[in-house]
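Peer 1: start_13.tsv is reproduced in full below (TSV, C-alpha atoms).
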chain	number	residue	atom	x	y	z
A	2	MET	CA	11.07	-11.98	-29.04
A	3	LYS	CA	13.88	-10.02	-27.43
A	4	ARG	CA	12.96	-7.88	-24.48
A	5	LEU	CA	13.05	-4.15	-23.89
A	6	VAL	CA	16.79	-3.47	-24.27
A	7	ALA	CA	16.98	-5.41	-27.52
A	8	LEU	CA	13.88	-3.59	-28.73
A	9	ALA	CA	15.46	-0.25	-27.89
A	10	ALA	CA	18.66	-1.08	-29.75
A	11	VAL	CA	16.78	-2.19	-32.86
A	12	VAL	CA	14.06	0.46	-32.95
A	13	LEU	CA	16.04	3.51	-32.00
A	14	LEU	CA	19.44	2.86	-33.23
A	15	THR	CA	19.55	0.93	-36.46
A	16	ALA	CA	9.87	4.34	-22.87
A	17	CYS	CA	-0.26	7.35	-8.33
A	18	GLY	CA	-2.77	10.19	-8.38
A	19	GLY	CA	-4.27	11.19	-5.04
A	20	PRO	CA	-2.69	13.07	-2.14
A	21	LYS	CA	1.09	13.14	-2.02
A	22	ASP	CA	3.21	12.12	0.96
A	23	PRO	CA	6.00	14.69	0.84
A	24	VAL	CA	9.47	13.49	1.77
A	25	SER	CA	10.97	15.43	4.62
A	26	ALA	CA	14.37	15.94	2.99
A	27	PRO	CA	14.46	19.42	1.40
A	28	SER	CA	15.80	18.05	-1.87
A	29	ALA	CA	13.15	15.36	-2.26
A	30	ALA	CA	11.43	15.21	-5.62
A	31	ALA	CA	7.78	15.02	-4.53
A	32	PRO	CA	7.58	11.25	-5.01
A	33	ALA	CA	4.44	9.22	-5.33
A	34	SER	CA	2.21	8.33	-2.45
A	35	GLY	CA	1.60	4.79	-1.31
A	36	ALA	CA	-1.96	4.70	-2.68
A	37	HIS	CA	-3.48	5.72	-5.96
A	38	SER	CA	-6.80	7.42	-6.37
A	39	GLY	CA	-9.02	4.40	-6.96
A	40	HIS	CA	-11.50	4.41	-9.82
A	41	LEU	CA	-11.10	7.29	-12.27
A	42	SER	CA	-13.44	9.03	-14.71
A	43	ALA	CA	-12.43	9.67	-18.30
A	44	PRO	CA	-11.04	13.19	-18.70
A	45	PRO	CA	-12.78	15.32	-21.30
A	46	ALA	CA	-11.45	14.77	-24.79
A	47	GLU	CA	-10.17	17.50	-27.02
A	48	PRO	CA	-12.44	18.07	-30.03
A	49	LEU	CA	-11.98	15.78	-33.00
A	50	ARG	CA	-9.98	17.25	-35.86
A	51	ALA	CA	-10.62	16.80	-39.57
A	52	GLY	CA	-10.80	13.11	-40.53
A	53	GLU	CA	-10.65	11.83	-36.92
A	54	ARG	CA	-12.99	9.59	-34.95
A	55	PHE	CA	-12.96	8.03	-31.50
A	56	GLN	CA	-12.98	4.32	-30.80
A	57	SER	CA	-13.02	2.87	-27.29
A	58	LEU	CA	-11.49	-0.51	-26.48
A	59	SER	CA	-11.85	-2.30	-23.16
A	60	MET	CA	-10.28	-5.38	-21.64
A	61	PRO	CA	-12.44	-8.40	-22.55
A	62	ALA	CA	-13.46	-8.92	-18.91
A	63	SER	CA	-12.49	-7.88	-15.40
A	64	TYR	CA	-9.15	-9.32	-14.34
A	65	THR	CA	-7.83	-9.89	-10.83
A	66	PRO	CA	-4.01	-9.81	-10.90
A	67	LYS	CA	-1.76	-11.90	-8.70
A	68	ALA	CA	2.01	-11.54	-8.89
A	69	PRO	CA	3.89	-14.69	-9.94
A	70	ASN	CA	7.14	-16.15	-8.56
A	71	GLY	CA	6.86	-14.61	-5.12
A	72	GLY	CA	7.01	-11.05	-6.48
A	73	THR	CA	4.75	-8.04	-6.01
A	74	ASP	CA	4.15	-7.14	-9.67
A	75	GLU	CA	2.33	-8.64	-12.62
A	76	TYR	CA	2.57	-7.55	-16.24
A	77	ARG	CA	-0.51	-8.83	-18.05
A	78	CYS	CA	-1.26	-8.52	-21.76
A	79	PHE	CA	-4.79	-8.39	-23.11
A	80	LEU	CA	-5.66	-8.72	-26.79
A	81	VAL	CA	-8.20	-6.25	-28.19
A	82	ASP	CA	-9.43	-5.82	-31.75
A	83	PRO	CA	-10.13	-2.35	-33.21
A	84	LYS	CA	-11.77	-4.12	-36.18
A	85	LEU	CA	-10.02	-2.05	-38.82
A	86	THR	CA	-11.16	-2.82	-42.36
A	87	SER	CA	-9.03	-0.10	-43.97
A	88	GLU	CA	-5.83	1.70	-43.06
A	89	ALA	CA	-6.01	4.29	-40.29
A	90	TYR	CA	-3.56	6.39	-38.28
A	91	LEU	CA	-3.55	6.53	-34.50
A	92	THR	CA	-3.29	10.26	-33.75
A	93	GLY	CA	-4.01	10.18	-30.01
A	94	SER	CA	-5.13	7.97	-27.16
A	95	GLN	CA	-6.49	8.28	-23.62
A	96	PHE	CA	-6.02	5.36	-21.24
A	97	LEU	CA	-8.50	4.96	-18.39
A	98	PRO	CA	-7.11	2.86	-15.52
A	99	GLN	CA	-10.34	1.53	-14.03
A	100	ASN	CA	-8.68	0.45	-10.77
A	101	ALA	CA	-5.92	3.01	-10.30
A	102	ASP	CA	-5.05	1.54	-6.88
A	103	ILE	CA	-3.12	-1.23	-8.66
A	104	VAL	CA	-2.36	0.05	-12.19
A	105	HIS	CA	1.29	1.20	-12.35
A	106	HIS	CA	1.53	1.94	-16.07
A	107	ALA	CA	0.31	0.64	-19.44
A	108	ILE	CA	1.86	0.20	-22.90
A	109	PHE	CA	-0.02	-0.49	-26.12
A	110	PHE	CA	1.51	-2.51	-28.95
A	111	ARG	CA	0.25	-2.70	-32.53
A	112	ILE	CA	0.19	-6.27	-33.77
A	113	ALA	CA	0.54	-6.41	-37.56
A	114	PRO	CA	-2.01	-8.46	-39.50
A	115	GLY	CA	0.65	-11.09	-40.26
A	116	SER	CA	1.14	-11.71	-36.54
A	117	ALA	CA	-2.54	-11.64	-35.58
A	118	ASP	CA	-2.93	-15.43	-35.60
A	119	GLU	CA	0.16	-15.80	-33.35
A	120	ALA	CA	-1.38	-13.36	-30.86
A	121	ARG	CA	-4.72	-15.17	-30.91
A	122	ARG	CA	-3.03	-18.54	-30.33
A	123	LEU	CA	-1.06	-17.11	-27.40
A	124	ASP	CA	-4.24	-15.69	-25.89
A	125	ALA	CA	-6.27	-18.86	-26.40
A	126	GLY	CA	-3.49	-21.10	-25.09
A	127	THR	CA	-3.07	-19.23	-21.79
A	128	PRO	CA	-5.44	-19.94	-18.89
A	129	GLY	CA	-7.60	-17.01	-17.87
A	130	ASP	CA	-7.77	-13.64	-19.59
A	131	GLY	CA	-4.62	-12.54	-21.40
A	132	TRP	CA	-1.11	-13.75	-20.67
A	133	THR	CA	1.86	-12.83	-18.48
A	134	CYS	CA	4.22	-10.58	-20.46
A	135	PHE	CA	7.19	-9.12	-18.57
A	136	GLY	CA	9.20	-6.89	-20.93
A	137	ASP	CA	7.06	-6.56	-24.05
A	138	SER	CA	3.94	-7.91	-25.75
A	139	GLY	CA	5.27	-11.45	-26.18
A	140	VAL	CA	4.25	-11.33	-29.86
A	141	GLU	CA	6.92	-11.08	-32.56
A	142	GLY	CA	6.92	-7.67	-34.22
A	143	GLY	CA	4.75	-5.89	-31.65
A	144	THR	CA	5.25	-2.13	-32.12
A	145	TRP	CA	4.85	0.45	-29.34
A	146	VAL	CA	2.09	2.92	-30.35
A	147	ALA	CA	0.80	4.35	-27.06
A	148	SER	CA	1.55	4.42	-23.34
A	149	TRP	CA	0.22	5.72	-20.06
A	150	ALA	CA	1.82	6.47	-16.70
A	151	PRO	CA	0.50	8.56	-13.79
A	152	GLY	CA	0.02	12.18	-14.76
A	153	ALA	CA	-0.34	11.41	-18.47
A	154	ASN	CA	-3.37	12.37	-20.51
A	155	GLU	CA	-3.99	12.52	-24.24
A	156	THR	CA	-1.11	14.31	-25.97
A	157	LEU	CA	-1.94	15.68	-29.39
A	158	LEU	CA	0.76	16.49	-31.91
A	159	ALA	CA	0.14	17.98	-35.36
A	160	PRO	CA	-2.99	16.47	-36.95
A	161	ASP	CA	-0.98	14.97	-39.84
A	162	LEU	CA	1.18	12.83	-37.51
A	163	GLY	CA	0.24	9.37	-36.28
A	164	TYR	CA	1.02	5.68	-35.96
A	165	GLN	CA	0.09	3.51	-38.94
A	166	MET	CA	-2.68	0.98	-38.26
A	167	PRO	CA	-3.11	-1.33	-41.26
A	168	PRO	CA	-6.43	-3.16	-41.74
A	169	GLY	CA	-6.55	-6.29	-39.61
A	170	SER	CA	-4.18	-4.90	-36.97
A	171	LEU	CA	-4.75	-5.93	-33.37
A	172	VAL	CA	-3.76	-4.13	-30.18
A	173	VAL	CA	-2.08	-5.67	-27.15
A	174	MET	CA	-2.85	-3.80	-23.93
A	175	GLN	CA	0.04	-4.47	-21.52
A	176	ILE	CA	-0.78	-3.41	-17.96
A	177	HIS	CA	1.70	-3.39	-15.08
A	178	TYR	CA	-0.14	-4.20	-11.87
A	179	ASN	CA	1.61	-3.11	-8.67
A	180	LEU	CA	0.67	-5.32	-5.71
A	181	LEU	CA	3.19	-4.07	-3.15
A	182	ALA	CA	0.37	-3.11	-0.79
A	183	THR	CA	-0.87	-6.71	-0.63
A	184	GLY	CA	2.49	-8.47	-0.78
A	185	GLY	CA	1.75	-9.82	-4.26
A	186	ARG	CA	-1.66	-11.27	-3.43
A	187	ALA	CA	-4.77	-10.42	-5.41
A	188	GLY	CA	-5.45	-6.72	-4.96
A	189	GLY	CA	-8.88	-6.33	-6.50
A	190	ALA	CA	-10.20	-6.58	-10.05
A	191	ASP	CA	-9.53	-4.23	-12.95
A	192	ARG	CA	-11.13	-3.62	-16.32
A	193	SER	CA	-9.23	-0.74	-17.85
A	194	SER	CA	-9.93	0.73	-21.26
A	195	ILE	CA	-8.46	3.08	-23.85
A	196	ARG	CA	-10.04	5.61	-26.18
A	197	LEU	CA	-8.28	5.73	-29.53
A	198	ARG	CA	-8.29	8.78	-31.79
A	199	LEU	CA	-8.13	7.42	-35.35
A	200	ASN	CA	-7.79	9.24	-38.67
A	201	ASP	CA	-9.08	7.33	-41.67
A	202	THR	CA	-7.91	9.99	-44.13
A	203	THR	CA	-4.42	8.62	-44.66
A	204	SER	CA	-3.13	10.26	-47.84
A	205	ALA	CA	-1.56	13.26	-46.09
A	206	MET	CA	-0.38	11.51	-42.92
A	207	THR	CA	3.22	11.11	-41.76
A	208	PRO	CA	4.03	7.97	-39.72
A	209	LEU	CA	5.43	8.18	-36.20
A	210	GLN	CA	7.51	5.74	-34.19
A	211	THR	CA	8.30	5.63	-30.48
A	212	SER	CA	12.00	5.03	-29.98
A	213	LEU	CA	13.40	3.88	-26.65
A	214	LEU	CA	16.55	5.03	-24.87
A	215	PRO	CA	17.34	2.78	-21.89
A	216	ALA	CA	20.26	3.30	-19.50
A	217	PRO	CA	21.66	1.12	-16.71
A	218	ILE	CA	20.75	1.39	-13.04
A	219	GLU	CA	23.60	0.46	-10.70
A	220	LEU	CA	22.33	1.79	-7.36
A	221	PRO	CA	23.97	0.31	-4.26
A	222	CYS	CA	22.40	0.09	-0.80
A	223	THR	CA	22.90	3.14	1.41
A	224	SER	CA	25.58	3.09	4.09
A	225	ALA	CA	22.83	2.55	6.67
A	226	GLU	CA	21.47	-0.56	4.93
A	227	SER	CA	22.62	-4.15	4.86
A	228	GLY	CA	21.27	-7.50	3.77
A	229	PRO	CA	21.84	-10.31	1.28
A	230	LEU	CA	20.34	-8.37	-1.66
A	231	CYS	CA	22.86	-5.54	-1.19
A	232	ASP	CA	25.18	-7.82	-3.16
A	233	ARG	CA	24.82	-7.05	-6.89
A	234	ALA	CA	24.95	-10.66	-8.03
A	235	ALA	CA	22.27	-11.65	-5.54
A	236	ALA	CA	20.08	-8.72	-6.59
A	237	VAL	CA	20.41	-9.59	-10.28
A	238	ALA	CA	19.53	-13.21	-9.51
A	239	ASP	CA	16.47	-12.06	-7.57
A	240	VAL	CA	15.23	-10.03	-10.57
A	241	GLY	CA	15.65	-13.13	-12.73
A	242	LYS	CA	13.72	-15.26	-10.25
A	243	ARG	CA	10.78	-12.85	-10.19
A	244	PHE	CA	10.60	-11.94	-13.88
A	245	GLY	CA	12.45	-14.62	-15.81
A	246	GLU	CA	15.84	-15.00	-17.46
A	247	GLU	CA	15.33	-12.29	-20.08
A	248	ILE	CA	14.59	-9.55	-17.55
A	249	GLY	CA	17.20	-10.91	-15.16
A	250	GLY	CA	19.81	-10.43	-17.89
A	251	GLN	CA	18.91	-6.80	-18.60
A	252	ALA	CA	21.43	-5.34	-16.16
A	253	ASP	CA	24.39	-6.96	-17.89
A	254	ARG	CA	23.00	-6.32	-21.39
A	255	LEU	CA	22.69	-2.65	-20.57
A	256	LEU	CA	26.33	-2.57	-19.49
A	257	ARG	CA	27.31	-4.07	-22.84
A	258	LEU	CA	25.06	-1.62	-24.70
A	259	CYS	CA	25.99	1.55	-22.80
A	260	ALA	CA	29.34	0.90	-21.11
A	261	LYS	CA	30.87	-1.36	-23.78
A	262	GLY	CA	31.03	-4.18	-21.24
A	263	ALA	CA	32.99	-2.27	-18.59
A	264	PRO	CA	32.48	-3.43	-15.00
A	265	PRO	CA	29.52	-1.86	-13.16
A	266	ALA	CA	30.28	1.62	-11.82
A	267	ALA	CA	27.95	1.75	-8.83
A	268	GLY	CA	26.44	5.14	-8.12
A	269	PRO	CA	23.22	7.18	-8.22
A	270	THR	CA	23.69	8.67	-11.71
A	271	GLN	CA	24.00	6.63	-14.91
A	272	HIS	CA	23.68	7.48	-18.59
A	273	CYS	CA	23.71	5.91	-22.02
A	274	ASP	CA	24.78	7.41	-25.37
A	275	ARG	CA	23.32	6.06	-28.60
A	276	PRO	CA	24.23	7.15	-32.15
A	277	VAL	CA	21.48	8.32	-34.49
A	278	PRO	CA	21.47	6.08	-37.60
A	279	SER	CA	19.41	8.20	-40.01
A	280	ARG	CA	17.89	11.63	-40.51
A	281	SER	CA	14.74	11.95	-38.44
A	282	THR	CA	12.57	14.58	-36.80
A	283	VAL	CA	11.81	14.47	-33.07
A	284	TYR	CA	8.40	15.81	-32.03
A	285	ALA	CA	8.00	14.82	-28.37
A	286	VAL	CA	9.89	13.17	-25.51
A	287	ALA	CA	9.18	11.59	-22.13
A	288	GLY	CA	11.02	9.83	-19.34
A	289	HIS	CA	10.15	6.87	-17.14
A	290	MET	CA	11.59	5.78	-13.80
A	291	HIS	CA	10.07	4.22	-10.70
A	292	LEU	CA	9.83	5.42	-7.11
A	293	LEU	CA	13.55	5.94	-6.44
A	294	GLY	CA	13.93	8.35	-9.36
A	295	ARG	CA	15.25	11.87	-8.67
A	296	SER	CA	15.89	13.32	-12.14
A	297	ILE	CA	15.94	12.38	-15.81
A	298	LYS	CA	17.32	14.20	-18.85
A	299	ILE	CA	17.48	13.57	-22.61
A	300	GLU	CA	20.17	15.46	-24.54
A	301	LEU	CA	21.21	15.76	-28.16
A	302	ASN	CA	24.98	15.88	-28.78
A	303	PRO	CA	26.02	16.64	-25.20
A	304	GLY	CA	29.40	18.34	-24.94
A	305	ARG	CA	29.41	19.27	-28.63
A	306	SER	CA	28.72	22.50	-30.48
A	307	GLY	CA	24.99	23.00	-30.89
A	308	ALA	CA	24.06	20.62	-28.06
A	309	GLN	CA	20.39	20.69	-27.06
A	310	THR	CA	18.43	19.48	-24.07
A	311	LEU	CA	15.23	17.80	-25.25
A	312	LEU	CA	13.92	16.85	-21.81
A	313	ASP	CA	15.00	18.04	-18.36
A	314	VAL	CA	13.09	16.86	-15.29
A	315	PRO	CA	15.27	17.94	-12.35
A	316	ARG	CA	12.68	16.91	-9.73
A	317	TYR	CA	11.15	13.69	-10.97
A	318	ASN	CA	7.63	12.92	-9.76
A	319	PHE	CA	6.25	9.46	-10.46
A	320	ASP	CA	2.75	10.95	-10.56
A	321	ASP	CA	3.67	13.32	-13.40
A	322	GLN	CA	4.95	11.34	-16.38
A	323	ALA	CA	3.24	13.17	-19.21
A	324	ILE	CA	4.70	13.23	-22.72
A	325	HIS	CA	6.37	16.58	-23.50
A	326	PRO	CA	5.85	17.91	-27.05
A	327	LEU	CA	8.82	19.98	-28.19
A	328	ALA	CA	8.15	23.67	-28.76
A	329	LYS	CA	9.79	23.19	-32.16
A	330	PRO	CA	10.52	19.82	-33.81
A	331	VAL	CA	14.21	18.93	-33.83
A	332	VAL	CA	15.93	17.31	-36.81
A	333	VAL	CA	18.59	14.73	-35.95
A	334	GLN	CA	21.24	13.53	-38.39
A	335	PRO	CA	23.45	10.44	-38.76
A	336	GLY	CA	26.43	10.91	-36.47
A	337	ASP	CA	24.38	12.74	-33.83
A	338	THR	CA	24.18	11.28	-30.33
A	339	LEU	CA	21.18	10.98	-28.02
A	340	ARG	CA	21.92	10.62	-24.31
A	341	VAL	CA	19.58	9.69	-21.47
A	342	THR	CA	20.77	10.37	-17.90
A	343	CYS	CA	19.00	9.30	-14.71
A	344	THR	CA	19.68	9.89	-11.04
A	345	HIS	CA	18.15	7.58	-8.40
A	346	ASP	CA	18.22	7.80	-4.62
A	347	ALA	CA	18.29	4.62	-2.51
A	348	ALA	CA	17.49	6.66	0.62
A	349	LEU	CA	13.94	7.11	-0.66
A	350	ARG	CA	13.36	3.41	0.05
A	351	GLY	CA	13.17	4.24	3.76
A	352	GLN	CA	11.05	7.38	3.29
A	353	LEU	CA	8.27	6.43	0.88
A	354	PRO	CA	5.25	4.67	2.42
A	355	GLN	CA	4.99	2.34	-0.58
A	356	LEU	CA	8.57	1.07	-0.15
A	357	LYS	CA	8.94	1.05	3.62
A	358	GLY	CA	9.50	-2.49	4.79
A	359	THR	CA	10.93	-3.72	1.48
A	360	ALA	CA	14.29	-5.44	1.71
A	361	PRO	CA	17.38	-3.30	1.08
A	362	ARG	CA	18.83	-4.15	-2.31
A	363	TYR	CA	21.38	-3.18	-4.89
A	364	VAL	CA	18.96	-1.83	-7.50
A	365	VAL	CA	19.34	-2.77	-11.16
A	366	TRP	CA	16.96	-2.67	-14.10
A	367	GLY	CA	13.85	-4.64	-13.20
A	368	ASP	CA	10.16	-4.70	-13.98
A	369	GLY	CA	8.95	-4.37	-10.38
A	370	THR	CA	7.84	-1.23	-8.61
A	371	SER	CA	10.62	-1.78	-6.04
A	372	ASP	CA	13.12	-2.20	-8.90
A	373	GLU	CA	14.07	0.66	-11.21
A	374	MET	CA	14.16	1.80	-14.81
A	375	CYS	CA	15.85	4.62	-16.68
A	376	LEU	CA	14.02	5.00	-19.97
A	377	GLY	CA	13.82	7.90	-22.39
A	378	LEU	CA	11.01	7.88	-24.94
A	379	VAL	CA	11.54	9.74	-28.20
A	380	ILE	CA	8.55	10.21	-30.52
A	381	MET	CA	9.95	10.78	-33.97
A	382	THR	CA	9.39	10.27	-37.68
A	383	PRO	CA	11.79	10.07	-40.62
A	384	SER	CA	12.22	13.42	-42.35
A	385	ALA	CA	11.04	13.83	-45.91
Mind turning this structure into structure tokens?

Peer 2:
Amino acid sequence: MKRLVALAAVVLLTACGGPKDPVSAPSAAAPASGAHSGHLSAPPAEPLRAGERFQSLSMPASYTPKAPNGGTDEYRCFLVDPKLTSEAYLTGSQFLPQNADIVHHAIFFRIAPGSADEARRLDAGTPGDGWTCFGDSGVEGGTWVASWAPGANETLLAPDLGYQMPPGSLVVMQIHYNLLATGGRAGGADRSSIRLRLNDTTSAMTPLQTSLLPAPIELPCTSAESGPLCDRAAAVADVGKRFGEEIGGQADRLLRLCAKGAPPAAGPTQHCDRPVPSRSTVYAVAGHMHLLGRSIKIELNPGRSGAQTLLDVPRYNFDDQAIHPLAKPVVVQPGDTLRVTCTHDAALRGQLPQLKGTAPRYVVWGDGTSDEMCLGLVIMTPSA
């Protein structure tokens, strides 16, 4: 299965608690602290709406992550079964990171009934609980239906909107474990869970999809830094070593996707424009970066008459990555353009407790906490 950039191109155009350590620079964006808040309690749920019910799913057993290939991050996928015997719609979800000291973020993929046996074989054929899954679920056709990052809670849209869950569907729980504090060694066990909000009354429901807008990261070392990984080619090779060939190739694929193959233009701010292929309605948006992120924006038709800003986070905070419902849904048409723009700051590497001591590097797209992402998430549904 193709990894995140390929997924974004196909899906869209056919993405820690506790006291903060403020950065001394006046313009700093209140970045995350070096430690999370440990074990969390489930926040109170909003009342169920007509036709809804709760269902809680937990990892099969406690898992102790250990980063592979000399890295400091592990992405682990766990297969869980909601035991659906009839069609339902996923109208909300609350993820509970049981060991928030090491949980960086989580993504949930619906596995269609036709791919269920493939997922079970992958799970059974991998030693230990779950399987390593940098990029996506590792199962063909896995569809993004929920996510969590620090600061996120259950986000409820209109009660007639949700993600289709056919009978026999499975769920892959992909958890990114951040082991920077232990240098990649085992950092304690985790048994996270998720509470699904399901609506079994499907006749009046409208299906949602999460569409992904990735953009390149081409962030050079600061003028005060030096080292072998300040060379772009060496940094790209290092990402490939830690996460595999697919993730290692993301930087160049993003250039082909967003810059039409032009040479890298190193700098703190990068963007990507993607054409809208069909009439759709956008209901909510979110943005995801890592610890070097300063700002992220999602725009519709920038520079054109009627341009709109769908998301503007001028002071990005890793501990506040909630989904933002739009005050009024926005209809997009064929020929429209969606743009995601991110600004990163390499100087934060020397200021944040979690990154102090990490090697200076030319930062490109990578799955690690010390790497970066620029990802816009657009929750949308085709218009009637």

Peer 1: Could you check which of A:Asn179, A:Asn70, A:Thr156, A:Thr133 is closest to Asp239 of chain A, using all atoms listed in the file?

Peer 2: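 Among the listed residues, A:Asn70 lies closest to Asp239 of chain A.
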
Peer 1: Record the distance separating atom CA of Pro269 of chain A and atom CA of Glu219 of chain A, expressed in Å with one decimal.

Peer 2: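 Here the two named atoms are 7.2 Å from each other.
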
Peer 1: Per residue of segment 33-148 of chain A within 12 Å of segment 274-291 of chain A, record the nearest atom pair and its distance in Å to one decimal, counting only C-alpha atoms, with rows in chain order and ascending residue number, as JSON lines.

Peer 2:
{"residue": "A:Ala33", "atom": "CA", "partner": "A:His291", "partner_atom": "CA", "distance": 9.2}
{"residue": "A:His105", "atom": "CA", "partner": "A:His291", "partner_atom": "CA", "distance": 9.4}
{"residue": "A:His106", "atom": "CA", "partner": "A:His289", "partner_atom": "CA", "distance": 10.0}
{"residue": "A:Ala107", "atom": "CA", "partner": "A:His289", "partner_atom": "CA", "distance": 11.9}
{"residue": "A:Ser148", "atom": "CA", "partner": "A:Ala287", "partner_atom": "CA", "distance": 10.5}

Peer 1: Once you have the residues from the selection above, write them out as a compact mmCIF listing (two decimals), keeping the file's coordinate frame, restricted to C-alpha atoms.

Peer 2:
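Below is the file that was written, selection.txt:
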# COMPACT_ATOMS: atom_id res chain seq x y z
CA ALA A 33 4.44 9.22 -5.33
CA HIS A 105 1.29 1.20 -12.35
CA HIS A 106 1.53 1.94 -16.07
CA ALA A 107 0.31 0.64 -19.44
CA SER A 148 1.55 4.42 -23.34

Peer 1: Any idea what's packed within 8 Å of Asp130 of chain A, counting all atoms listed in the file, ignoring anything in its chain fewer than 4 positions away? Could you give it as a PyMOL selection string?

Peer 2: chain A and resi 61-62+64+79+124

Peer 1: Within 8 Å of Glu75 of chain A, counting all atoms listed in the file, which residues qualify if same-chain residues fewer than 2 places away don't, as a list in words?

Peer 2: Pro66, Lys67, Ala68, Pro69, Thr73, Arg77, Thr133, Phe135, His177, Tyr178, Asn179 and Leu180 of chain A

Peer 1: To one decimal in Å, tell me the separation between atom CA of Ser63 of chain A and atom CA of Ser193 of chain A.

Peer 2: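 Value for the atom CA of Ser63 of chain A-atom CA of Ser193 of chain A distance: 8.2 Å.
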
Peer 1: From the list A:Lys261, A:Arg196, A:Arg243, A:His345, which residue is nearest Phe109 of chain A when using all atoms listed in the file?

Peer 2: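 Nearest candidate to Phe109 of chain A out of A:Lys261, A:Arg196, A:Arg243, A:His345: A:Arg196.
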
Peer 1: To one decimal place in Å, what is the distance between atom CA of Ile195 of chain A and atom CA of Val104 of chain A?

Peer 2: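 These atoms are spaced 13.5 Å apart.
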
Peer 1: How close does each residue of segment 121-237 of chain A get to segment 361-371 of chain A, giving the shortest atom pair and distance in Å to one decimal for every residue with an atom at most 12 Å away, counting only C-alpha atoms, sorted by chain and residue number, as a Markdown table?

Peer 2:
| residue | atom | partner | partner_atom | distance |
| --- | --- | --- | --- | --- |
| A:Cys134 | CA | A:Asp368 | CA | 10.6 |
| A:Phe135 | CA | A:Asp368 | CA | 7.0 |
| A:Gly136 | CA | A:Asp368 | CA | 7.3 |
| A:Asp137 | CA | A:Asp368 | CA | 10.7 |
| A:Ile176 | CA | A:Asp368 | CA | 11.7 |
| A:His177 | CA | A:Asp368 | CA | 8.6 |
| A:Tyr178 | CA | A:Thr370 | CA | 9.1 |
| A:Asn179 | CA | A:Thr370 | CA | 6.5 |
| A:Leu180 | CA | A:Thr370 | CA | 8.7 |
| A:Leu181 | CA | A:Thr370 | CA | 7.7 |
| A:Ala182 | CA | A:Thr370 | CA | 11.0 |
| A:Gly184 | CA | A:Ser371 | CA | 11.8 |
| A:Gly185 | CA | A:Gly369 | CA | 10.9 |
| A:Pro215 | CA | A:Trp366 | CA | 9.5 |
| A:Ala216 | CA | A:Trp366 | CA | 8.7 |
| A:Pro217 | CA | A:Trp366 | CA | 6.6 |
| A:Ile218 | CA | A:Val365 | CA | 4.8 |
| A:Glu219 | CA | A:Val365 | CA | 5.4 |
| A:Leu220 | CA | A:Val364 | CA | 4.9 |
| A:Pro221 | CA | A:Tyr363 | CA | 4.4 |
| A:Cys222 | CA | A:Tyr363 | CA | 5.3 |
| A:Thr223 | CA | A:Pro361 | CA | 8.5 |
| A:Ser224 | CA | A:Pro361 | CA | 10.8 |
| A:Ala225 | CA | A:Pro361 | CA | 9.8 |
| A:Glu226 | CA | A:Pro361 | CA | 6.2 |
| A:Ser227 | CA | A:Pro361 | CA | 6.5 |
| A:Gly228 | CA | A:Pro361 | CA | 6.3 |
| A:Pro229 | CA | A:Arg362 | CA | 7.7 |
| A:Leu230 | CA | A:Arg362 | CA | 4.5 |
| A:Cys231 | CA | A:Arg362 | CA | 4.4 |
| A:Asp232 | CA | A:Tyr363 | CA | 6.2 |
| A:Arg233 | CA | A:Tyr363 | CA | 5.6 |
| A:Ala234 | CA | A:Tyr363 | CA | 8.9 |
| A:Ala235 | CA | A:Tyr363 | CA | 8.5 |
| A:Ala236 | CA | A:Tyr363 | CA | 5.9 |
| A:Val237 | CA | A:Val365 | CA | 7.0 |

Peer 1: Smallest atom-to-atom distance to Gln95 of chain A: which of A:Pro208, A:Pro114, A:Gly152, A:Gly126, using all atoms listed in the file?

Peer 2: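 Ranked by minimum distance to Gln95 of chain A, first place goes to A:Gly152.
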
Peer 1: Using all atoms listed in the file, which protein or nucleic acid residues come within 12 Å of Gly307 of chain A? Drop anything in the same chain fewer than 6 positions from it, and give the result as a list in words.

Peer 2: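 Surrounding residues, per the criterion: Glu300, Leu301, Val331, Val333, Asp337 and Thr338 of chain A.
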
Peer 1: Using all atoms listed in the file, which of the listed residues (A:Leu123, A:Cys343, A:Leu171, A:Ala46) sits closest to Pro83 of chain A?

Peer 2: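 Answer, going by the shortest atom-to-atom distance: A:Leu171.
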
Peer 1: Kindly indicate which residue among A:Glu88, A:Glu141, A:Asp102, A:Asp313 lies nearest to Glu119 of chain A, using all atoms listed in the file for the distances.

Peer 2: A:Glu141
